[in-house]
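A.B. asks: Here it is: the structure, laid out below.
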Amino acid sequence: MKKPVLTALAALFIVLSVAAQVPPQAPAAKPDERVKNLDLVEKIALPPDTFRAGFDSISAKDSLAMLTYIASDLMEGRETGTRGYQAAAEYAASLFGLAKLKPIGDMPMRAFNMSQMMMGAPQEPSKPLENTYLQEFPLVETLESSNAFTLEVRKGGSVRTHAFRPSIDYQGLAATGDTLSGPVVFVGYGISEKGAGFDEYKGIDVAGKVVMLLAGAPDFLAKDIKAKYAAPSFVPGAPPESGPAPARVDKLLDLQKRGAAAVLMVRGVGREADRYRALMPRKSVNDEVPIIRRTYHRISLPGETDNMPWAGSSVVNITSGAADRILEAAGLKLEDLKKKIEASKKPVSMDVAGASVTMTSTVKTQVIRGINVVGMIEGSDPELKNEAVVVGAHLDHEGRWEDYIYNGSDDNGSGSVGVLNLARAFAANPRKPKRTVVFCLWCGEEKGLLGSEYFVANPPQSLKAKIVSYLNFDMISRAYDERSIAFAGRMMDFPSGPEITGKIKLANFVPVSFPAGAPYGEVIRAANQFVGLDVYVRETKRTDVGFGDSDHTSFHEAKIPWVWPFTAVTENLHQPSDSVDRADAGLMEKVSRLMFVIAWMIADK
């Protein structure tokens, strides 16, 4: 009897010992409430006869056929202002014509037989002119020619000048065609924290002057202040970061408010091997990403200025060597000033006596044609036809550079096909919705949302209806995988871990966004019952539009509510590898059908 008891006691001792070594388990994580925004369809419903003909007309086969032409080499990347873009626009206009959409673009020029007029011969009665499908408007193309950055030092009765070298001593001098000159003032790190007893602008007037400052913050300041003024990391082509604006932008906005004429930002102190290493020829070439030395090229609407937060002042990045050359006028060195700030924990801001700089840029400009493709189907209700739902996508892409054609299959040949799908579907449907539906393909999105911005500010004269809603297509042909959904989840603030991926099929997943307060959540869910996508219904809570800019931004700024489905971002974005062979035609069909039903429900309500 004793042996079994001892064995049992020994076993109990082992269990208790092991239990004592196991840390207590954390309480179960609270379920992410955002998962409730996921719309999954168990059984796909048949669309009602009201819009079934239009719904059924949208197919993967037709989508791929149109995309193959739009994203072909013949279009040469569809850059705004090029013959390739015009060819794509005329192709889209021809499809609008085949669908018998009402053209609402410009009036064509009337042709006259001048020889007959001079001879007094009677003219044949001319037919009434009809609008075209093209809305044309002027754009200003700016090309950089050259720039110069010079220092003038006055000491005693002598004047000495020094010319800084572009890409070696400085970078970032904007091509504005202006000449800017002014005395130099040094403001340390450009930090004003009166609560911490550290204000580098106290007693210093920077208005009308060229302000030199260091990036970042001194080491002795509190962590929260240093984090606030830490230099941000910008990733070319990446969507804007969520949360507060980067600290560098705050510094420059502050200087802009103080009236600074220009900013000299010193990004390195001491040895700057990393800076120069970035300018050296690459040791190897990534076959997927061509290395192209692009010259400065900007397209804008006439009278429009750059709207970036720091654009109020010219911002030039300079090396510590260039900074020392400027400070030499006052017998100073940058490293000594930096050490003095750290040692005294006080500002050392000052006018740099005797030093002034001049920045000059020379540019070439010309006027080019912007072209939007526009057509509509008039609403069937006598009253509600005076309200319009606009369906749009940007047709332009990056164009052709050297021997590479940026075909832009996903961005945004696929979205353009989405608009063409809906135009043909509404035209094919015997019954028309109560409200007017307008179909648009924009130019200049890649240059700054130019086409949609122009349309919102200058709607066609033949469009009498008030715009009440906008549906945006931008990239609808690439299915999500684990990597792309994680990226989208971070950028668009939706759950992208197992709580989502365990419930969906990634290849069938699409987030659909709309602005806070717009009554589109239930519309999206109701439309999806006929399509069966795994939809994340995303109502944006932020004051901005979130996750980068697309043409819905132009309507958002005009307080017009919008809807935007968005498929996966891949490594092919803005690369020659964004080609038709990577497109998922079935996904294009589903997203187009979803947006068709959403558009119908909004237009027919």
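Labeling convention for the structure tokens: chains A, B, ... as they appear, residues from 1 per chain, ligands from 1 in order of appearance.
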Could you give me, as a ChimeraX atom specification, the residues within 7 Å of Asn372 of chain A, counting only C-alpha atoms and dropping anything in the same chain fewer than 6 positions from it?

C.D. replies: /A:134-136,440-443,451

A.B. asks: Looking at A:Ala428, A:Ala558, A:Gly586, A:Val438, which one is nearest to Ala479 of chain A, with distances taken over only C-alpha atoms?

C.D. replies: A:Gly586

A.B. asks: Among segment 46-197 of chain A, which residues does DSSP mark as strand (DSSP E or B) when it is run on the backbone? Keep the chain and numbering as in the structure and answer as a compact mmCIF listing (two decimals) with all heavy atoms, in the first residue's frame.

C.D. replies:
# COMPACT_ATOMS: atom_id res chain seq x y z
N LYS A 102 -24.23 59.86 -73.58
CA LYS A 102 -24.37 61.24 -74.03
C LYS A 102 -23.04 61.96 -73.82
O LYS A 102 -22.54 62.01 -72.70
CB LYS A 102 -25.47 61.95 -73.24
CG LYS A 102 -25.68 63.40 -73.68
CD LYS A 102 -26.80 64.06 -72.90
CE LYS A 102 -26.98 65.51 -73.35
NZ LYS A 102 -28.08 66.18 -72.60
N PRO A 103 -22.44 62.51 -74.88
CA PRO A 103 -21.16 63.22 -74.70
C PRO A 103 -21.38 64.55 -74.01
O PRO A 103 -22.31 65.30 -74.35
CB PRO A 103 -20.66 63.41 -76.14
CG PRO A 103 -21.88 63.38 -76.99
CD PRO A 103 -22.86 62.47 -76.30
N LEU A 134 -14.52 64.50 -75.01
CA LEU A 134 -13.25 64.97 -74.47
C LEU A 134 -13.41 66.34 -73.82
O LEU A 134 -13.89 67.29 -74.45
CB LEU A 134 -12.18 65.04 -75.57
CG LEU A 134 -11.94 63.75 -76.35
CD1 LEU A 134 -10.84 63.97 -77.39
CD2 LEU A 134 -11.57 62.60 -75.42
N GLN A 135 -13.05 66.44 -72.56
CA GLN A 135 -12.97 67.72 -71.87
C GLN A 135 -11.49 68.12 -71.85
O GLN A 135 -10.68 67.53 -71.15
CB GLN A 135 -13.51 67.61 -70.44
CG GLN A 135 -13.46 68.93 -69.67
CD GLN A 135 -13.73 68.77 -68.18
OE1 GLN A 135 -13.34 67.78 -67.57
NE2 GLN A 135 -14.39 69.75 -67.58
N GLU A 136 -11.15 69.13 -72.64
CA GLU A 136 -9.75 69.55 -72.76
C GLU A 136 -9.50 70.82 -71.95
O GLU A 136 -10.37 71.68 -71.85
CB GLU A 136 -9.39 69.77 -74.23
CG GLU A 136 -9.55 68.51 -75.08
CD GLU A 136 -8.98 68.67 -76.48
OE1 GLU A 136 -7.98 69.39 -76.64
OE2 GLU A 136 -9.56 68.08 -77.42
N PHE A 137 -8.29 70.92 -71.41
CA PHE A 137 -7.94 72.09 -70.60
C PHE A 137 -6.42 72.24 -70.61
O PHE A 137 -5.69 71.27 -70.85
CB PHE A 137 -8.46 71.93 -69.16
CG PHE A 137 -8.07 70.65 -68.49
CD1 PHE A 137 -6.98 70.60 -67.64
CD2 PHE A 137 -8.79 69.49 -68.70
CE1 PHE A 137 -6.61 69.41 -67.01
CE2 PHE A 137 -8.44 68.30 -68.08
CZ PHE A 137 -7.35 68.26 -67.23
N PRO A 138 -5.93 73.46 -70.37
CA PRO A 138 -4.48 73.68 -70.45
C PRO A 138 -3.75 73.20 -69.19
O PRO A 138 -4.26 73.30 -68.08
CB PRO A 138 -4.38 75.21 -70.59
CG PRO A 138 -5.59 75.73 -69.89
CD PRO A 138 -6.67 74.71 -70.14
N LEU A 139 -2.57 72.68 -69.41
CA LEU A 139 -1.66 72.32 -68.33
C LEU A 139 -0.30 72.96 -68.61
O LEU A 139 0.07 73.16 -69.76
CB LEU A 139 -1.50 70.80 -68.24
CG LEU A 139 -2.72 70.00 -67.79
CD1 LEU A 139 -2.48 68.51 -67.96
CD2 LEU A 139 -3.08 70.32 -66.33
N VAL A 140 0.41 73.27 -67.55
CA VAL A 140 1.74 73.87 -67.69
C VAL A 140 2.79 72.81 -67.39
O VAL A 140 2.81 72.22 -66.29
CB VAL A 140 1.92 75.07 -66.74
CG1 VAL A 140 3.33 75.64 -66.86
CG2 VAL A 140 0.88 76.14 -67.03
N GLU A 141 3.64 72.54 -68.37
CA GLU A 141 4.73 71.59 -68.20
C GLU A 141 6.01 72.37 -67.91
O GLU A 141 6.38 73.27 -68.66
CB GLU A 141 4.91 70.76 -69.47
CG GLU A 141 5.99 69.69 -69.37
CD GLU A 141 6.13 68.89 -70.64
OE1 GLU A 141 6.12 69.50 -71.73
OE2 GLU A 141 6.22 67.66 -70.55
N THR A 142 6.66 72.03 -66.80
CA THR A 142 7.88 72.73 -66.37
C THR A 142 9.06 71.78 -66.43
O THR A 142 9.02 70.69 -65.87
CB THR A 142 7.73 73.28 -64.94
OG1 THR A 142 6.58 74.13 -64.88
CG2 THR A 142 8.96 74.07 -64.53
N LEU A 143 10.11 72.20 -67.09
CA LEU A 143 11.34 71.42 -67.21
C LEU A 143 12.49 72.21 -66.61
O LEU A 143 12.65 73.40 -66.91
CB LEU A 143 11.64 71.10 -68.67
CG LEU A 143 10.52 70.39 -69.44
CD1 LEU A 143 10.87 70.32 -70.92
CD2 LEU A 143 10.31 68.99 -68.89
N GLU A 144 13.29 71.59 -65.76
CA GLU A 144 14.42 72.29 -65.15
C GLU A 144 15.53 72.45 -66.17
O GLU A 144 15.85 71.53 -66.91
CB GLU A 144 14.93 71.51 -63.94
CG GLU A 144 16.07 72.22 -63.23
CD GLU A 144 16.53 71.48 -61.99
OE1 GLU A 144 16.22 70.29 -61.86
OE2 GLU A 144 17.18 72.11 -61.15
N SER A 145 16.11 73.62 -66.20
CA SER A 145 17.25 73.86 -67.08
C SER A 145 18.54 73.88 -66.28
O SER A 145 19.48 73.17 -66.58
CB SER A 145 17.06 75.18 -67.84
OG SER A 145 18.16 75.44 -68.67
N SER A 146 18.59 74.70 -65.24
CA SER A 146 19.81 74.78 -64.42
C SER A 146 19.49 75.48 -63.11
O SER A 146 18.46 76.15 -62.98
CB SER A 146 20.91 75.55 -65.17
OG SER A 146 20.50 76.89 -65.40
N ASN A 147 20.39 75.32 -62.13
CA ASN A 147 20.25 76.08 -60.89
C ASN A 147 21.62 76.41 -60.33
O ASN A 147 22.61 75.77 -60.70
CB ASN A 147 19.40 75.32 -59.86
CG ASN A 147 20.06 74.05 -59.37
OD1 ASN A 147 21.11 74.09 -58.72
ND2 ASN A 147 19.47 72.89 -59.69
N ALA A 148 21.66 77.41 -59.49
CA ALA A 148 22.92 77.86 -58.91
C ALA A 148 22.69 78.30 -57.47
O ALA A 148 21.63 78.84 -57.14
CB ALA A 148 23.52 78.99 -59.73
N PHE A 149 23.68 78.06 -56.63
CA PHE A 149 23.62 78.41 -55.21
C PHE A 149 24.97 79.04 -54.86
O PHE A 149 26.00 78.36 -54.87
CB PHE A 149 23.34 77.14 -54.40
CG PHE A 149 23.34 77.32 -52.90
CD1 PHE A 149 23.02 78.52 -52.30
CD2 PHE A 149 23.66 76.26 -52.07
CE1 PHE A 149 23.01 78.67 -50.94
CE2 PHE A 149 23.66 76.38 -50.70
CZ PHE A 149 23.33 77.60 -50.13
N THR A 150 24.98 80.34 -54.58
CA THR A 150 26.25 81.05 -54.36
C THR A 150 26.24 81.76 -53.01
O THR A 150 25.19 82.16 -52.50
CB THR A 150 26.51 82.08 -55.47
OG1 THR A 150 25.42 83.01 -55.52
CG2 THR A 150 26.65 81.40 -56.82
N LEU A 151 27.42 81.92 -52.46
CA LEU A 151 27.64 82.60 -51.19
C LEU A 151 28.41 83.88 -51.45
O LEU A 151 29.39 83.90 -52.22
CB LEU A 151 28.43 81.70 -50.24
CG LEU A 151 29.03 82.35 -48.99
CD1 LEU A 151 27.93 82.78 -48.01
CD2 LEU A 151 30.01 81.40 -48.31
N GLU A 152 27.98 84.95 -50.80
CA GLU A 152 28.71 86.22 -50.88
C GLU A 152 29.12 86.62 -49.47
O GLU A 152 28.27 86.69 -48.57
CB GLU A 152 27.83 87.31 -51.50
CG GLU A 152 28.54 88.64 -51.66
CD GLU A 152 27.66 89.69 -52.31
OE1 GLU A 152 27.67 89.76 -53.55
OE2 GLU A 152 26.96 90.42 -51.58
N VAL A 153 30.40 86.86 -49.26
CA VAL A 153 30.93 87.23 -47.95
C VAL A 153 31.51 88.64 -48.04
O VAL A 153 32.40 88.92 -48.86
CB VAL A 153 32.02 86.25 -47.48
CG1 VAL A 153 32.60 86.72 -46.15
CG2 VAL A 153 31.44 84.85 -47.36
N ARG A 154 30.99 89.54 -47.19
CA ARG A 154 31.51 90.91 -47.12
C ARG A 154 32.29 91.07 -45.82
O ARG A 154 31.75 90.86 -44.74
CB ARG A 154 30.36 91.92 -47.16
CG ARG A 154 29.63 91.93 -48.50
CD ARG A 154 28.53 92.98 -48.53
NE ARG A 154 27.89 93.03 -49.84
CZ ARG A 154 28.31 93.78 -50.85
NH1 ARG A 154 29.36 94.59 -50.67
NH2 ARG A 154 27.68 93.76 -52.01
N LYS A 155 33.55 91.45 -45.96
CA LYS A 155 34.41 91.62 -44.78
C LYS A 155 35.29 92.83 -45.02
O LYS A 155 36.05 92.87 -46.00
CB LYS A 155 35.27 90.37 -44.58
CG LYS A 155 35.67 90.14 -43.13
CD LYS A 155 36.19 88.73 -42.94
CE LYS A 155 36.40 88.46 -41.47
NZ LYS A 155 36.85 87.09 -41.23
N SER A 158 36.06 94.31 -48.65
CA SER A 158 36.15 93.32 -49.72
C SER A 158 34.89 92.47 -49.82
O SER A 158 34.16 92.30 -48.84
CB SER A 158 37.36 92.41 -49.49
OG SER A 158 37.17 91.64 -48.31
N VAL A 159 34.68 91.95 -51.01
CA VAL A 159 33.55 91.06 -51.27
C VAL A 159 34.09 89.79 -51.93
O VAL A 159 34.81 89.87 -52.94
CB VAL A 159 32.50 91.72 -52.19
CG1 VAL A 159 31.36 90.73 -52.46
CG2 VAL A 159 31.96 93.00 -51.56
N ARG A 160 33.75 88.64 -51.35
CA ARG A 160 34.21 87.37 -51.90
C ARG A 160 32.99 86.49 -52.19
O ARG A 160 32.06 86.43 -51.39
CB ARG A 160 35.14 86.68 -50.89
CG ARG A 160 35.71 85.35 -51.34
CD ARG A 160 36.90 84.94 -50.45
NE ARG A 160 36.54 84.98 -49.04
CZ ARG A 160 36.01 83.96 -48.35
NH1 ARG A 160 35.78 82.83 -48.99
NH2 ARG A 160 35.75 84.07 -47.07
N THR A 161 33.01 85.81 -53.32
CA THR A 161 31.90 84.92 -53.69
C THR A 161 32.39 83.49 -53.82
O THR A 161 33.56 83.25 -54.13
CB THR A 161 31.25 85.36 -55.01
OG1 THR A 161 32.21 85.28 -56.06
CG2 THR A 161 30.70 86.78 -54.91
N HIS A 162 31.46 82.56 -53.57
CA HIS A 162 31.77 81.13 -53.70
C HIS A 162 30.56 80.42 -54.29
O HIS A 162 29.43 80.63 -53.84
CB HIS A 162 32.11 80.52 -52.33
CG HIS A 162 32.31 79.04 -52.38
ND1 HIS A 162 33.45 78.45 -52.88
CD2 HIS A 162 31.50 78.01 -51.99
CE1 HIS A 162 33.34 77.14 -52.80
NE2 HIS A 162 32.17 76.85 -52.25
N ALA A 163 30.77 79.59 -55.29
CA ALA A 163 29.70 78.83 -55.92
C ALA A 163 29.69 77.41 -55.38
O ALA A 163 30.69 76.69 -55.48
CB ALA A 163 29.89 78.81 -57.44
N PRO A 166 26.18 71.51 -57.07
CA PRO A 166 24.96 70.71 -56.91
C PRO A 166 25.28 69.23 -56.73
O PRO A 166 26.24 68.71 -57.32
CB PRO A 166 24.19 70.96 -58.22
CG PRO A 166 25.23 71.43 -59.20
CD PRO A 166 26.26 72.16 -58.39
N TYR A 170 25.06 70.61 -52.06
CA TYR A 170 23.65 70.85 -51.76
C TYR A 170 22.76 70.01 -52.67
O TYR A 170 23.17 69.57 -53.74
CB TYR A 170 23.31 72.34 -51.90
CG TYR A 170 23.29 72.84 -53.33
CD1 TYR A 170 22.11 72.86 -54.08
CD2 TYR A 170 24.45 73.30 -53.95
CE1 TYR A 170 22.09 73.32 -55.38
CE2 TYR A 170 24.45 73.76 -55.26
CZ TYR A 170 23.26 73.77 -55.97
OH TYR A 170 23.24 74.22 -57.27
N GLN A 171 21.52 69.85 -52.22
CA GLN A 171 20.49 69.17 -53.00
C GLN A 171 19.15 69.80 -52.67
O GLN A 171 18.95 70.32 -51.57
CB GLN A 171 20.42 67.67 -52.65
CG GLN A 171 21.55 66.84 -53.21
CD GLN A 171 21.41 65.37 -52.82
OE1 GLN A 171 20.98 65.08 -51.71
NE2 GLN A 171 21.77 64.48 -53.70
N THR A 179 14.85 83.90 -58.60
CA THR A 179 16.11 84.21 -57.93
C THR A 179 15.79 84.70 -56.52
O THR A 179 14.96 85.60 -56.35
CB THR A 179 16.90 85.29 -58.69
OG1 THR A 179 17.26 84.78 -59.98
CG2 THR A 179 18.18 85.65 -57.94
N LEU A 180 16.41 84.08 -55.55
CA LEU A 180 16.16 84.42 -54.15
C LEU A 180 17.48 84.76 -53.48
O LEU A 180 18.45 84.02 -53.62
CB LEU A 180 15.48 83.25 -53.45
CG LEU A 180 14.98 83.44 -52.03
CD1 LEU A 180 13.78 82.52 -51.79
CD2 LEU A 180 16.06 83.14 -51.00
N SER A 181 17.51 85.86 -52.75
CA SER A 181 18.75 86.28 -52.10
C SER A 181 18.43 86.84 -50.73
O SER A 181 17.37 87.46 -50.53
CB SER A 181 19.45 87.35 -52.96
OG SER A 181 20.67 87.74 -52.37
N GLY A 182 19.32 86.60 -49.77
CA GLY A 182 19.09 87.13 -48.44
C GLY A 182 20.22 86.85 -47.49
O GLY A 182 21.05 85.96 -47.73
N PRO A 183 20.29 87.61 -46.37
CA PRO A 183 21.30 87.35 -45.35
C PRO A 183 21.02 86.05 -44.62
O PRO A 183 19.87 85.59 -44.59
CB PRO A 183 21.16 88.55 -44.42
CG PRO A 183 19.75 89.00 -44.59
CD PRO A 183 19.40 88.72 -46.02
N VAL A 184 22.05 85.46 -44.02
CA VAL A 184 21.92 84.16 -43.36
C VAL A 184 21.80 84.34 -41.85
O VAL A 184 22.53 85.15 -41.25
CB VAL A 184 23.12 83.26 -43.69
CG1 VAL A 184 22.97 81.90 -43.00
CG2 VAL A 184 23.25 83.07 -45.20
N VAL A 185 20.87 83.59 -41.25
CA VAL A 185 20.75 83.54 -39.81
C VAL A 185 20.81 82.08 -39.38
O VAL A 185 20.23 81.21 -40.02
CB VAL A 185 19.44 84.22 -39.32
CG1 VAL A 185 18.23 83.55 -39.94
CG2 VAL A 185 19.34 84.20 -37.81
N PHE A 186 21.55 81.79 -38.31
CA PHE A 186 21.69 80.43 -37.78
C PHE A 186 20.79 80.29 -36.56
O PHE A 186 20.84 81.12 -35.64
CB PHE A 186 23.14 80.15 -37.40
CG PHE A 186 23.36 78.80 -36.77
CD1 PHE A 186 23.30 77.64 -37.53
CD2 PHE A 186 23.62 78.67 -35.40
CE1 PHE A 186 23.49 76.39 -36.96
CE2 PHE A 186 23.82 77.43 -34.82
CZ PHE A 186 23.75 76.28 -35.61
N SER A 192 11.60 75.55 -30.69
CA SER A 192 11.03 76.51 -29.76
C SER A 192 10.17 75.76 -28.75
O SER A 192 9.02 75.41 -29.02
CB SER A 192 10.18 77.54 -30.51
OG SER A 192 9.58 78.44 -29.62
N GLU A 193 10.77 75.45 -27.59
CA GLU A 193 10.08 74.75 -26.51
C GLU A 193 10.19 75.61 -25.25
O GLU A 193 11.04 75.40 -24.39
CB GLU A 193 10.70 73.37 -26.29
CG GLU A 193 10.45 72.38 -27.40
CD GLU A 193 8.99 71.94 -27.47
OE1 GLU A 193 8.32 71.92 -26.41
OE2 GLU A 193 8.52 71.62 -28.58

A.B. asks: In Å, rounded to a single decimal, give me how far atom CA of Asp410 of chain A is from atom CA of Tyr69 of chain A.

C.D. replies: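 Between atom CA of Tyr69 of chain A and atom CA of Asp410 of chain A the gap works out to 12.9 Å.
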
A.B. asks: Just want the 6 Å neighbourhood of segment 211-217 of chain A, counted on only C-alpha atoms, with same-chain residues fewer than 2 positions away dropped. Output as a PyMOL selection string.

C.D. replies: chain A and resi 184-190+226+229-231+263-267

A.B. asks: What does the file look like for those residues with C-alpha atoms, as a PDB file, in the first residue's frame?

C.D. replies:
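This is the output file part.pdb:
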ATOM      1  CA  VAL A 184      21.919  84.161 -43.356  1.00  0.00           C
ATOM      2  CA  VAL A 185      20.748  83.544 -39.807  1.00  0.00           C
ATOM      3  CA  PHE A 186      21.690  80.432 -37.777  1.00  0.00           C
ATOM      4  CA  VAL A 187      19.004  79.062 -35.411  1.00  0.00           C
ATOM      5  CA  GLY A 188      20.639  75.891 -34.104  1.00  0.00           C
ATOM      6  CA  TYR A 189      18.095  73.061 -34.365  1.00  0.00           C
ATOM      7  CA  GLY A 190      15.183  75.439 -34.993  1.00  0.00           C
ATOM      8  CA  LYS A 226      13.533  64.800 -29.169  1.00  0.00           C
ATOM      9  CA  TYR A 229      11.754  66.905 -33.597  1.00  0.00           C
ATOM     10  CA  ALA A 230      13.366  63.705 -34.888  1.00  0.00           C
ATOM     11  CA  ALA A 231      14.022  63.707 -38.617  1.00  0.00           C
ATOM     12  CA  VAL A 263      15.788  77.181 -45.382  1.00  0.00           C
ATOM     13  CA  LEU A 264      19.226  75.565 -45.377  1.00  0.00           C
ATOM     14  CA  MET A 265      18.832  72.188 -43.659  1.00  0.00           C
ATOM     15  CA  VAL A 266      22.109  70.634 -42.452  1.00  0.00           C
ATOM     16  CA  ARG A 267      21.608  66.870 -42.390  1.00  0.00           C
TER      17      ARG A 267
END

A.B. asks: If we count only C-alpha atoms and set the cut-off at 12 Å, which residues sit around Val348 of chain A, ignoring sequence neighbours fewer than 6 positions away in its own chain? Please answer as a VMD selection string.

C.D. replies: chain A and resid 185 to 191 198 to 204 213 332 334 336 to 342

A.B. asks: Go through A:Arg293, A:Lys209, A:Lys36, A:Lys434 one by one, measure the shortest atom-to-atom distance of each to Val352 of chain A using only C-alpha atoms, and give the residue with the smallest value.

C.D. replies: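 The closest residue to Val352 of chain A is A:Lys209.
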
A.B. asks: What does the structure give for the distance between atom CA of Pro498 of chain A and atom CA of Leu40 of chain A, in Å to one decimal?

C.D. replies: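 Going from atom CA of Pro498 of chain A over to atom CA of Leu40 of chain A, I get 15.7 Å.
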
A.B. asks: Looking only at alpha helix (DSSP H) from DSSP on the backbone, list the matching residues of segment 60-189 of chain A as a PyMOL selection string.

C.D. replies: chain A and resi 60-70+83-98+114-118

A.B. asks: Please report the interatomic distance between atom CA of Phe487 of chain A and atom CA of Thr570 of chain A in Å with one decimal.

C.D. replies: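 Result for atom CA of Phe487 of chain A versus atom CA of Thr570 of chain A: 9.7 Å, one decimal.
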
A.B. asks: Leaving out Ile476 of chain A and any residue of its chain fewer than 3 positions from it, which residues lie within 7 Å of it when counting only C-alpha atoms, given as a list in words?

C.D. replies: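 Close residues of Ile476 of chain A: Asp410, Ser414, Gly415, Phe566, Thr567, Met588 and Val591 of chain A.
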
A.B. asks: Using only C-alpha atoms, which of A:Met75, A:Ile44, A:Ala516, A:Ala53 sits nearest Thr540 of chain A?

C.D. replies: A:Ala516

A.B. asks: Which residue, A:Ser452, A:Asn407, A:Asn37, A:Ser380, has the smallest gap to Val437 of chain A when you use only C-alpha atoms?

C.D. replies: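 When distances to Val437 of chain A are compared using only C-alpha atoms, the smallest one comes from A:Ser380.
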
A.B. asks: Quick one: contact table of segment 137-235 of chain A to segment 315-321 of chain A, 8 Å max, nearest atom pair and distance in Å to one decimal per residue, counting only C-alpha atoms, chain and number order, as a Markdown table?

C.D. replies:
| residue | atom | partner | partner_atom | distance |
| --- | --- | --- | --- | --- |
| A:Ile168 | CA | A:Thr319 | CA | 8.0 |
| A:Asp169 | CA | A:Thr319 | CA | 5.6 |
| A:Tyr170 | CA | A:Ile318 | CA | 4.3 |
| A:Gln171 | CA | A:Asn317 | CA | 5.2 |
| A:Gly172 | CA | A:Val316 | CA | 4.9 |
| A:Leu173 | CA | A:Val316 | CA | 5.4 |
| A:Ala174 | CA | A:Val315 | CA | 7.9 |

A.B. asks: Suppose we keep C-alpha atoms; can you now write the selection as a PDB file, in the first residue's frame?

C.D. replies:
ATOM      1  CA  ILE A 168      27.965  67.552 -53.722  1.00  0.00           C
ATOM      2  CA  ASP A 169      27.444  70.606 -51.514  1.00  0.00           C
ATOM      3  CA  TYR A 170      23.654  70.854 -51.755  1.00  0.00           C
ATOM      4  CA  GLN A 171      20.493  69.166 -52.995  1.00  0.00           C
ATOM      5  CA  GLY A 172      16.866  70.122 -53.366  1.00  0.00           C
ATOM      6  CA  LEU A 173      16.959  73.564 -54.971  1.00  0.00           C
ATOM      7  CA  ALA A 174      13.518  73.726 -56.573  1.00  0.00           C
TER       8      ALA A 174
END
